[in-house]
Structure formats: structure tokens, C-alpha cells
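Chemist: Encoded as C-alpha cells, here's the structure I'll be asking about.
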Amino acid sequence: MTDRQPGFDTLAIHAGTAPDPATGARQVPIYQTTAYVFRDADHAAKLFNLQEVGYIYSRLTNPTVSALGARVAALEGGAGAVCCSSGHAAQIMALFPLMGPGLNIVASTRLYGGTIQQFTNTIRKFGWSAKFVDTEDLAAVEAAIDDNTRAIFCESIANPGGYITDIQALANIANLKGVPLIVDNTTASPYLCRPIEFGATLVVHSATKYLTGNGTVTGGIVVDSGKFDWSASGKFPSLSEPEPAYHGLAFHPALGSMAFTFHSIAIGLRDLGMTMNPQGAHYTLMGIETLALRMQKHVKNAVQVAEWLEQDPRVEFVTYAGLKSSPYYHRAQMICPEGAGALFTFALKGGYDACVKLIDNVKLFSHVANLGDTRSLIIHSASTTHRQLTPEQQVKAGAAPNVVRVSIGIEDPADIIADLHQALTAANA
Ligand SMILES: *Cc1c(COP(=O)(O)O)cnc(C)c1O
């Protein structure tokens with residue numbers, strides 16, 4: 001187009017896509033195909049050798065899925081991205097090139113309940129482990145990193161309480177210790193926060209949430225900043241040493257800033273098979289076209305709802321970092337200046353019983369285990385998403401029994417507030 005660097009709203013609509021070369025189709029076609037015809041034997045060999053970039057088989061790459069990866073990489077300011085079958089798959093795919101038996105990650109205590117579960121129990125089957133640390137205690141984060149640590153993991157806006165992580169401070173520690181910082185940016189979306197600008201190495205997303213935006217898709221994405229030197233310390237042999245699983249190719253430095261992305265496709269998707277399907281990628285591409293507009297409305301509504309809840313006598317406290325009363329208000333202004341998201345919790349004076357009654361009486365809100373939908377959603381984390389955790393883990397994660405989590409949608413704010421008002425009245429009757 002021109003010499004200008006396109007802005008976020010332009011990238012959200014154009015990045016990663018061009019009119020279809022075969023048909024001129026303006027919208028990204030859904031390439032519903034498993035395989036791609038090679039021009040000849042030499043072409044096939046070059047593709048398998050990574051000497052030429054192209055499509056082989058849709059477990060590895062597919063044009064619709066690649067378009068989505070390129071778009072999200074552009075929005076996050078990354079070098080490359082790999083799409084996966086879910087947010088949880090993205091987390092495994094982010095760790096896979098870094099980890100091995102006996103190695104660990106240092107993870108924030110404030111994470112999505114499913115992630116705490118994945119990191120506490122499931123990754124042990126691979127011989128990996130996680131040390132959970134309160135990321136407000138930077139000295140504790142630093143002290144937790146040992147010779148076997150291969151990453152720090154946090155969420156930008158942490159589920160469920162809307163807690164804002166000091167990404168820059170964690171990036172400084174990661175940098176000092178020579179390990180990558182992985183940031184789950186699901187609840188912020190790249191419209192509100194771009195962790196790579198604060199020093200993150202990898203960004204993971206559940207595309208299931210705001211990126212798609214309407215509760216239709218399960219998907220995940222790993223974005224690589226392209227800035228980490230995988231060869232510097234000898235700690236990342238999957239990336240820096242000749243890879244026996246890929247006829248001896250050392251991905252880094254051979255593939256430069258794309259080393260992590262190519263490894264994730266050529267080894268990760270090839271052998272783990274956590275592939276995104278082209279139809280899902282298409283829906284997410286459609287969703288991203290309106291990401292900026294939706295996030296502005298989500299944030300505007302969330303502020304209004306949180307302010308109303310905060311002054312209601314039946315409510316004990318509201319955790320939204322977009323409230324001036326929040327201890328994280330100033331950090332939110334730094335990390336996500338366009339708004340602190342639309343996910344937060346509030347506690348009821350009536351405790352557990354009142355929370356359950358509130359949820360049973362909402363009409364506009366949907367009682368679901370999801371977030372980042374156009375619809376307003378509500379859930380009692382302690383009895384659902386954070387149910388498998390110990391009471392102590394629940395409190396640390398911000399999912400105590402007396403709090404409910406809301407994901408504020410883009411309906412009329414007056415209707416959202418009216419629904420909460422009538423449900424609170426019923427809960428306290
Ligand atoms: C939902 C979610 C995940 C998991 O994503 P799925 O697409 O459900 O696998 C991970 N992190 C956060 C912050 C989430 O909200």
C-alpha cells in the first residue's frame with residue numbers, strides 16, 4: 001500500500017490475507033483440504049527439507065489456518081505464530097520445544113483454573129513440573145528459578161479476578177536469568193495488551209475467547225517474538241542442537257527469528273497433532289475483524305457494571321482493575337491503557353449461598369464456563385472452573401467461595417445492570 005506502518009485496526013482486517021490468487025475471492029476461503037499436490041518430486045523434497053515454504057499436509061499447515069497465524073502475529077508484534085486446536089493445546093505447544101524430563105517452569109499462582117490443573121498434574125506425565133509463585137513477590141519469582149527452569153509463565157490480565165500482571169518486571173527477571181517469559185494474553189486480547197512490547201518472549205492465546213469473540217470456536221495460538229537467542233545458553237537443545245526428529249536440522253540459528261515457529265510446525269504439530277481446523281480459523285479471522293470495536297464496548301460496559309456493583313450494599317468488593325479503587329488501577333494504565341478488560345469477580349456479603357442463588361436467578365447473563373463472548377456470562381468459579389483446586393489454591397487464584405466471576409458482554413449496559421440488580425434482590429430475599 002504505502003510506506004506507512006499500518007495501525008492495529010487496519011492489521012486486524014488485512015494482516016495475513018490478500019485476495020485469493022486462484023479465484024480473486026476477497027474473503028479468506030476455507031481451504032477444506034487435507035493434502036496439496038506437489039509440482040514434481042523435486043518440489044516435494046524441497047518442502048520436506050524446509051528449503052521451500054509451502055503446503056504439504058493440513059496437520060502441519062493449511063492456508064486458512066496460516067492466514068490466522070500471520071494476522072495474530074502481526075497484531076501481537078511477533079515474528080511468527082502457530083495455531084492449535086485449543087488454548088490448552090497452545091500452552092503445551094509453547095512449552096514443548098523448551099522442556100524435557102526433569103525441567104520446570106515458574107508459573108504465577110493467578111492463572112485460569114484449567115491451566116493450574118494442567119501445570120500441577122498433567123505435565124508431570126512428561127516429566128515436567130511447575131513451581132507456583134505469587135508474581136507480586138518478585139524476589140520469590142527470582143529465587144524460584146533454578147538451573148532446570150526453562151520459562152516463566154503468567155497471564156496479562158489474570159483469570160478470574162482481572163488481576164494485572166507486571167509483565168515488564170517479570171521480563172526483566174526472565175532476561176537476567178536467560179529464560180523466556182510466556183504470557184497468556186487471552187483475557188486482554190492484543191487490542192488491550194501486547195506483551196511482546198513489555199519484553200515477553202512468547203504469547204499464548206485461547207482463540208476461543210475474545211479473538212473469535214462469540215463463543216463459536218475452540219482454538220489456540222502461540223506467537224513468538226522472534227527475539228530470544230535460543231543458542232546462547234545451551235539450555236534449549238531442541239531448538240539449538242541438530243534435531244534427530246528432523247534429520248539433524250538445528251532450527252536455531254539456521255531459521256533465525258522463525259526458529260521457534262518452524263519447530264512448532266515441523267515437530268510440534270507433526271508429532272503432537274494439536275492442529276486447528278480451517279473452518280475454526282475462518283471464524284476466528286472473521287471475529288478479529290471487529291476485535292477493536294468489541295473490546296472498546298466490552299471495556300466501556302465493564303467499567304459501568306463494576307462501578308454500579310461497587311456502590312451496591314449487597315456487594316462486599318469488586319476486583320476490576322479498571323476501578324480507581326483497585327490496587328492495580330495504575331498498573332492497568334501502564335500495561336493496558338485502552339482498558340482493563342471485561343473479566344472480573346465480585347464478592348457477596350451473603351457468601352457462598354448468595355452466590356449460588358444469584359447465579360440461579362440471572363436471566364440475561366448466561367451461566368457458562370466461558371469468557372470473552374458478546375453475551376454477558378457468569379460463573380461461580382469455586383464450584384466449577386476452580387473446583388479441582390485446594391481451598392488455599394482457590395483463594396490464591398482469586399476464586400474464593402464467596403465470589404462470582406463475570407465476563408461483561410456488549411449488550412446495553414443498563415440491561416446488564418438491571419439483570420444483576422434483580423438477581424441480587426432474589427439472592428438476598
Ligand atoms: C479458556 C482459557 C484457556 C484455555 O483455553 P481453551 O481454548 O479452553 O483450551 C487458557 N487460558 C485462559 C486465560 C483462558 O481463559
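Chain labels follow the order of the C-alpha cells: the first chain is A, the next B, and so on; residue numbering restarts at 1 in every chain, and ligands are counted from 1 in their shown order.
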Considering only C-alpha atoms, return as a ChimeraX atom specification whatever protein or nucleic-acid residues lie within 7 Å of Phe132 in chain A, sequence-local ones (same chain, fewer than 4 positions apart) excluded.
Modeler: /A:106-109
Chemist: Those same residues, written as a PDB file, in the first residue's frame with N, CA and C atoms?
Modeler:
```pdb
ATOM      1  N   VAL A 106       8.412 -21.726  36.129  1.00  0.00           N
ATOM      2  CA  VAL A 106       7.927 -20.960  37.274  1.00  0.00           C
ATOM      3  C   VAL A 106       6.652 -20.269  36.804  1.00  0.00           C
ATOM      4  N   ALA A 107       5.526 -20.601  37.458  1.00  0.00           N
ATOM      5  CA  ALA A 107       4.226 -20.107  36.999  1.00  0.00           C
ATOM      6  C   ALA A 107       3.557 -19.259  38.069  1.00  0.00           C
ATOM      7  N   SER A 108       2.844 -18.242  37.628  1.00  0.00           N
ATOM      8  CA  SER A 108       2.067 -17.399  38.542  1.00  0.00           C
ATOM      9  C   SER A 108       0.994 -18.228  39.238  1.00  0.00           C
ATOM     10  N   THR A 109       0.693 -17.895  40.475  1.00  0.00           N
ATOM     11  CA  THR A 109      -0.432 -18.548  41.182  1.00  0.00           C
ATOM     12  C   THR A 109      -1.764 -18.090  40.604  1.00  0.00           C
TER      13      THR A 109
END
```
Chemist: Would you return as a PDB file with N, CA and C atoms, in the first residue's frame the members of range 76-159 of chain A that DSSP assigns to strand (DSSP E or B) on this structure's backbone?
Modeler:
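Result file selection.pdb:
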```pdb
ATOM      1  N   GLY A  80       6.348 -14.742  14.240  1.00  0.00           N
ATOM      2  CA  GLY A  80       5.580 -15.839  13.654  1.00  0.00           C
ATOM      3  C   GLY A  80       4.617 -16.397  14.686  1.00  0.00           C
ATOM      4  N   ALA A  81       3.683 -17.234  14.216  1.00  0.00           N
ATOM      5  CA  ALA A  81       2.702 -17.810  15.132  1.00  0.00           C
ATOM      6  C   ALA A  81       2.305 -19.185  14.633  1.00  0.00           C
ATOM      7  N   VAL A  82       1.899 -20.023  15.564  1.00  0.00           N
ATOM      8  CA  VAL A  82       1.385 -21.338  15.203  1.00  0.00           C
ATOM      9  C   VAL A  82       0.002 -21.494  15.846  1.00  0.00           C
ATOM     10  N   CYS A  83      -0.973 -21.903  15.038  1.00  0.00           N
ATOM     11  CA  CYS A  83      -2.332 -22.085  15.542  1.00  0.00           C
ATOM     12  C   CYS A  83      -2.502 -23.525  16.017  1.00  0.00           C
ATOM     13  N   CYS A  84      -3.312 -23.714  17.055  1.00  0.00           N
ATOM     14  CA  CYS A  84      -3.514 -25.053  17.636  1.00  0.00           C
ATOM     15  C   CYS A  84      -4.998 -25.270  17.910  1.00  0.00           C
ATOM     16  N   ASN A 104      11.615 -27.620  34.683  1.00  0.00           N
ATOM     17  CA  ASN A 104      10.441 -26.976  35.303  1.00  0.00           C
ATOM     18  C   ASN A 104      10.177 -25.596  34.735  1.00  0.00           C
ATOM     19  N   ILE A 105       8.980 -25.096  35.039  1.00  0.00           N
ATOM     20  CA  ILE A 105       8.647 -23.695  34.761  1.00  0.00           C
ATOM     21  C   ILE A 105       8.264 -23.034  36.081  1.00  0.00           C
ATOM     22  N   VAL A 106       8.412 -21.726  36.129  1.00  0.00           N
ATOM     23  CA  VAL A 106       7.927 -20.960  37.274  1.00  0.00           C
ATOM     24  C   VAL A 106       6.652 -20.269  36.804  1.00  0.00           C
ATOM     25  N   ALA A 107       5.526 -20.601  37.458  1.00  0.00           N
ATOM     26  CA  ALA A 107       4.226 -20.107  36.999  1.00  0.00           C
ATOM     27  C   ALA A 107       3.557 -19.259  38.069  1.00  0.00           C
ATOM     28  N   SER A 108       2.844 -18.242  37.628  1.00  0.00           N
ATOM     29  CA  SER A 108       2.067 -17.399  38.542  1.00  0.00           C
ATOM     30  C   SER A 108       0.994 -18.228  39.238  1.00  0.00           C
ATOM     31  N   SER A 129       7.558 -30.052  35.426  1.00  0.00           N
ATOM     32  CA  SER A 129       6.830 -29.613  36.607  1.00  0.00           C
ATOM     33  C   SER A 129       6.746 -28.096  36.634  1.00  0.00           C
ATOM     34  N   ALA A 130       5.848 -27.589  37.475  1.00  0.00           N
ATOM     35  CA  ALA A 130       5.679 -26.139  37.629  1.00  0.00           C
ATOM     36  C   ALA A 130       5.850 -25.778  39.090  1.00  0.00           C
ATOM     37  N   LYS A 131       6.539 -24.653  39.324  1.00  0.00           N
ATOM     38  CA  LYS A 131       6.610 -24.087  40.677  1.00  0.00           C
ATOM     39  C   LYS A 131       5.723 -22.852  40.646  1.00  0.00           C
ATOM     40  N   PHE A 132       4.695 -22.833  41.499  1.00  0.00           N
ATOM     41  CA  PHE A 132       3.759 -21.705  41.515  1.00  0.00           C
ATOM     42  C   PHE A 132       4.243 -20.640  42.497  1.00  0.00           C
ATOM     43  N   VAL A 133       4.306 -19.410  42.007  1.00  0.00           N
ATOM     44  CA  VAL A 133       4.806 -18.300  42.824  1.00  0.00           C
ATOM     45  C   VAL A 133       3.870 -17.104  42.641  1.00  0.00           C
ATOM     46  N   THR A 149      15.065 -24.543  35.298  1.00  0.00           N
ATOM     47  CA  THR A 149      13.902 -23.742  34.896  1.00  0.00           C
ATOM     48  C   THR A 149      14.054 -23.315  33.435  1.00  0.00           C
ATOM     49  N   ARG A 150      12.985 -23.481  32.660  1.00  0.00           N
ATOM     50  CA  ARG A 150      13.066 -23.144  31.245  1.00  0.00           C
ATOM     51  C   ARG A 150      12.076 -22.060  30.817  1.00  0.00           C
ATOM     52  N   ALA A 151      11.240 -21.569  31.738  1.00  0.00           N
ATOM     53  CA  ALA A 151      10.336 -20.473  31.373  1.00  0.00           C
ATOM     54  C   ALA A 151       9.641 -19.928  32.614  1.00  0.00           C
ATOM     55  N   ILE A 152       9.205 -18.664  32.496  1.00  0.00           N
ATOM     56  CA  ILE A 152       8.274 -18.077  33.462  1.00  0.00           C
ATOM     57  C   ILE A 152       6.940 -17.960  32.727  1.00  0.00           C
ATOM     58  N   PHE A 153       5.849 -18.296  33.401  1.00  0.00           N
ATOM     59  CA  PHE A 153       4.524 -18.285  32.755  1.00  0.00           C
ATOM     60  C   PHE A 153       3.561 -17.433  33.586  1.00  0.00           C
ATOM     61  N   CYS A 154       2.875 -16.508  32.914  1.00  0.00           N
ATOM     62  CA  CYS A 154       1.860 -15.705  33.615  1.00  0.00           C
ATOM     63  C   CYS A 154       0.745 -15.348  32.637  1.00  0.00           C
ATOM     64  N   GLU A 155      -0.315 -14.737  33.164  1.00  0.00           N
ATOM     65  CA  GLU A 155      -1.391 -14.183  32.332  1.00  0.00           C
ATOM     66  C   GLU A 155      -1.311 -12.662  32.419  1.00  0.00           C
ATOM     67  N   ILE A 157      -3.850 -10.204  31.915  1.00  0.00           N
ATOM     68  CA  ILE A 157      -4.970  -9.916  32.816  1.00  0.00           C
ATOM     69  C   ILE A 157      -5.407 -11.282  33.311  1.00  0.00           C
ATOM     70  N   ALA A 158      -5.207 -11.548  34.612  1.00  0.00           N
ATOM     71  CA  ALA A 158      -5.363 -12.925  35.084  1.00  0.00           C
ATOM     72  C   ALA A 158      -6.812 -13.256  35.397  1.00  0.00           C
TER      73      ALA A 158
END
```
Chemist: Set the cut-off to 10 Å, count only C-alpha atoms and all ligand atoms, and list whatever residues fall near ligand 1 as a ChimeraX atom specification.
Modeler: /A:84-91,110-116,154-160,183-188,204-210,217-221,343,369-372,385
Chemist: Under the rule that only C-alpha atoms are counted, which of A:Ile56, A:Ala67, A:Ile164, A:Arg26 is the nearest residue to Phe38 in chain A?
Modeler: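 Between A:Ile56, A:Ala67, A:Ile164, A:Arg26, the residue approaching Phe38 in chain A most closely is A:Ile56.
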Chemist: Which neighbours of Tyr352 in chain A fall inside 7 Å, counting only C-alpha atoms, when residues of the same chain fewer than 4 positions from it are skipped, and could you give them as a PDB file with all heavy atoms, in the first residue's frame?
Modeler:
```pdb
ATOM      1  N   VAL A 356     -24.572 -18.662  44.807  1.00  0.00           N
ATOM      2  CA  VAL A 356     -25.284 -19.712  44.085  1.00  0.00           C
ATOM      3  C   VAL A 356     -26.684 -19.231  43.697  1.00  0.00           C
ATOM      4  O   VAL A 356     -27.142 -19.435  42.571  1.00  0.00           O
ATOM      5  CB  VAL A 356     -25.315 -21.002  44.933  1.00  0.00           C
ATOM      6  CG1 VAL A 356     -26.219 -22.042  44.317  1.00  0.00           C
ATOM      7  CG2 VAL A 356     -23.899 -21.553  45.092  1.00  0.00           C
ATOM      8  N   PRO A 401     -14.782 -19.007  47.666  1.00  0.00           N
ATOM      9  CA  PRO A 401     -16.176 -19.443  47.564  1.00  0.00           C
ATOM     10  C   PRO A 401     -17.208 -18.301  47.562  1.00  0.00           C
ATOM     11  O   PRO A 401     -18.318 -18.495  47.080  1.00  0.00           O
ATOM     12  CB  PRO A 401     -16.362 -20.309  48.821  1.00  0.00           C
ATOM     13  CG  PRO A 401     -14.996 -20.731  49.212  1.00  0.00           C
ATOM     14  CD  PRO A 401     -14.069 -19.643  48.791  1.00  0.00           C
ATOM     15  N   ASN A 402     -16.848 -17.116  48.071  1.00  0.00           N
ATOM     16  CA  ASN A 402     -17.831 -16.023  48.147  1.00  0.00           C
ATOM     17  C   ASN A 402     -17.771 -15.075  46.948  1.00  0.00           C
ATOM     18  O   ASN A 402     -18.321 -13.978  47.001  1.00  0.00           O
ATOM     19  CB  ASN A 402     -17.634 -15.229  49.445  1.00  0.00           C
ATOM     20  CG  ASN A 402     -16.272 -14.547  49.499  1.00  0.00           C
ATOM     21  OD1 ASN A 402     -15.303 -15.016  48.898  1.00  0.00           O
ATOM     22  ND2 ASN A 402     -16.203 -13.440  50.196  1.00  0.00           N
TER      23      ASN A 402
END
```
Chemist: Pick out the residues sitting within 9 Å of Tyr36 in chain A, and hand them over as a list of chain:residue names; count only C-alpha atoms, and ignore anything fewer than 6 positions along from it in its own chain.
Modeler: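 Those residues are A:Tyr55, A:Ile56, A:Tyr57, A:Ser58.
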Chemist: Between A:Pro327, A:Pro278, A:Pro242, A:Gly178, which residue has the minimum interatomic distance to Thr201 in chain A, considering only C-alpha atoms?
Modeler: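 Closest residue, counting only C-alpha atoms: A:Gly178.
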Chemist: Nearest residue to Ser381 in chain A out of A:Gly226, A:Gly102, A:Gly398, A:Gly16, using only C-alpha atoms?
Modeler: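 Between A:Gly226, A:Gly102, A:Gly398, A:Gly16, the residue approaching Ser381 in chain A most closely is A:Gly398.
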Chemist: Just the residues within 8 Å of Gly127 in chain A, please, counting only C-alpha atoms, with nothing from its chain fewer than 5 positions along; format it as a PDB file with N, CA and C atoms, in the first residue's frame.
Modeler:
```pdb
ATOM      1  N   GLY A 100      11.921 -30.696  28.834  1.00  0.00           N
ATOM      2  CA  GLY A 100      12.336 -32.097  28.766  1.00  0.00           C
ATOM      3  C   GLY A 100      12.175 -32.681  30.160  1.00  0.00           C
ATOM      4  N   PRO A 101      12.325 -33.977  30.293  1.00  0.00           N
ATOM      5  CA  PRO A 101      12.153 -34.594  31.612  1.00  0.00           C
ATOM      6  C   PRO A 101      13.083 -33.965  32.653  1.00  0.00           C
ATOM      7  N   GLY A 102      12.519 -33.674  33.829  1.00  0.00           N
ATOM      8  CA  GLY A 102      13.301 -33.097  34.925  1.00  0.00           C
ATOM      9  C   GLY A 102      13.344 -31.576  34.910  1.00  0.00           C
ATOM     10  N   LEU A 103      12.800 -30.960  33.860  1.00  0.00           N
ATOM     11  CA  LEU A 103      12.840 -29.495  33.768  1.00  0.00           C
ATOM     12  C   LEU A 103      11.546 -28.889  34.315  1.00  0.00           C
TER      13      LEU A 103
END
```
Chemist: Just want the 12 Å neighbourhood of Pro313 in chain A, counted on only C-alpha atoms, with same-chain residues fewer than 2 positions away dropped. Output as a PyMOL selection string.
Modeler: chain A and resi 308-311+315-318+347-350+421+424-425+428
Chemist: Please provide as a ChimeraX atom specification all residues within 10 Å of Leu364 in chain A, with the sequence filter that same-chain residues fewer than 2 positions apart are discarded (counting only C-alpha atoms).
Modeler: /A:361-362,366-367,375-378,411,415-420
Chemist: Keeping only C-alpha atoms, write the selected residues to a file as a short mmCIF file (atom, residue, chain, number, x, y, z; two decimals), in the first residue's frame.
Modeler:
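Dumped to part-v3.cif:
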```
data_model
loop_
_atom_site.label_atom_id
_atom_site.label_comp_id
_atom_site.auth_asym_id
_atom_site.auth_seq_id
_atom_site.Cartn_x
_atom_site.Cartn_y
_atom_site.Cartn_z
CA ASN A 361 -31.64 -16.08 39.18
CA VAL A 362 -29.89 -14.27 36.33
CA SER A 366 -25.64 -16.99 30.64
CA HIS A 367 -24.33 -19.40 33.26
CA ARG A 375 -23.03 -12.16 25.63
CA SER A 376 -22.60 -11.43 29.34
CA LEU A 377 -21.53 -14.58 31.15
CA ILE A 378 -21.45 -15.54 34.82
CA GLU A 411 -25.34 -5.69 25.31
CA ASP A 415 -29.90 -4.21 30.73
CA ILE A 416 -26.81 -5.92 32.19
CA ILE A 417 -27.11 -3.89 35.39
CA ALA A 418 -30.88 -4.46 35.63
CA ASP A 419 -30.35 -8.22 35.39
CA LEU A 420 -27.72 -8.20 38.15
#
```
Chemist: As an exercise, work out the distance from CA of Thr261 in chain A to CA of Phe48 in chain A in Å and give it to one decimal place.
Modeler: 15.8 Å
Chemist: Rounded to one decimal place, report the CA of Val395 in chain A-CA of Ile123 in chain A distance in Å.
Modeler: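 Going from CA of Val395 in chain A over to CA of Ile123 in chain A covers 22.9 Å.
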Chemist: Given only C-alpha atoms as the basis, pick out the residue of A:Leu285, A:Tyr328, A:Val368, A:Ala342 nearest to Lys297 in chain A.
Modeler: A:Ala342
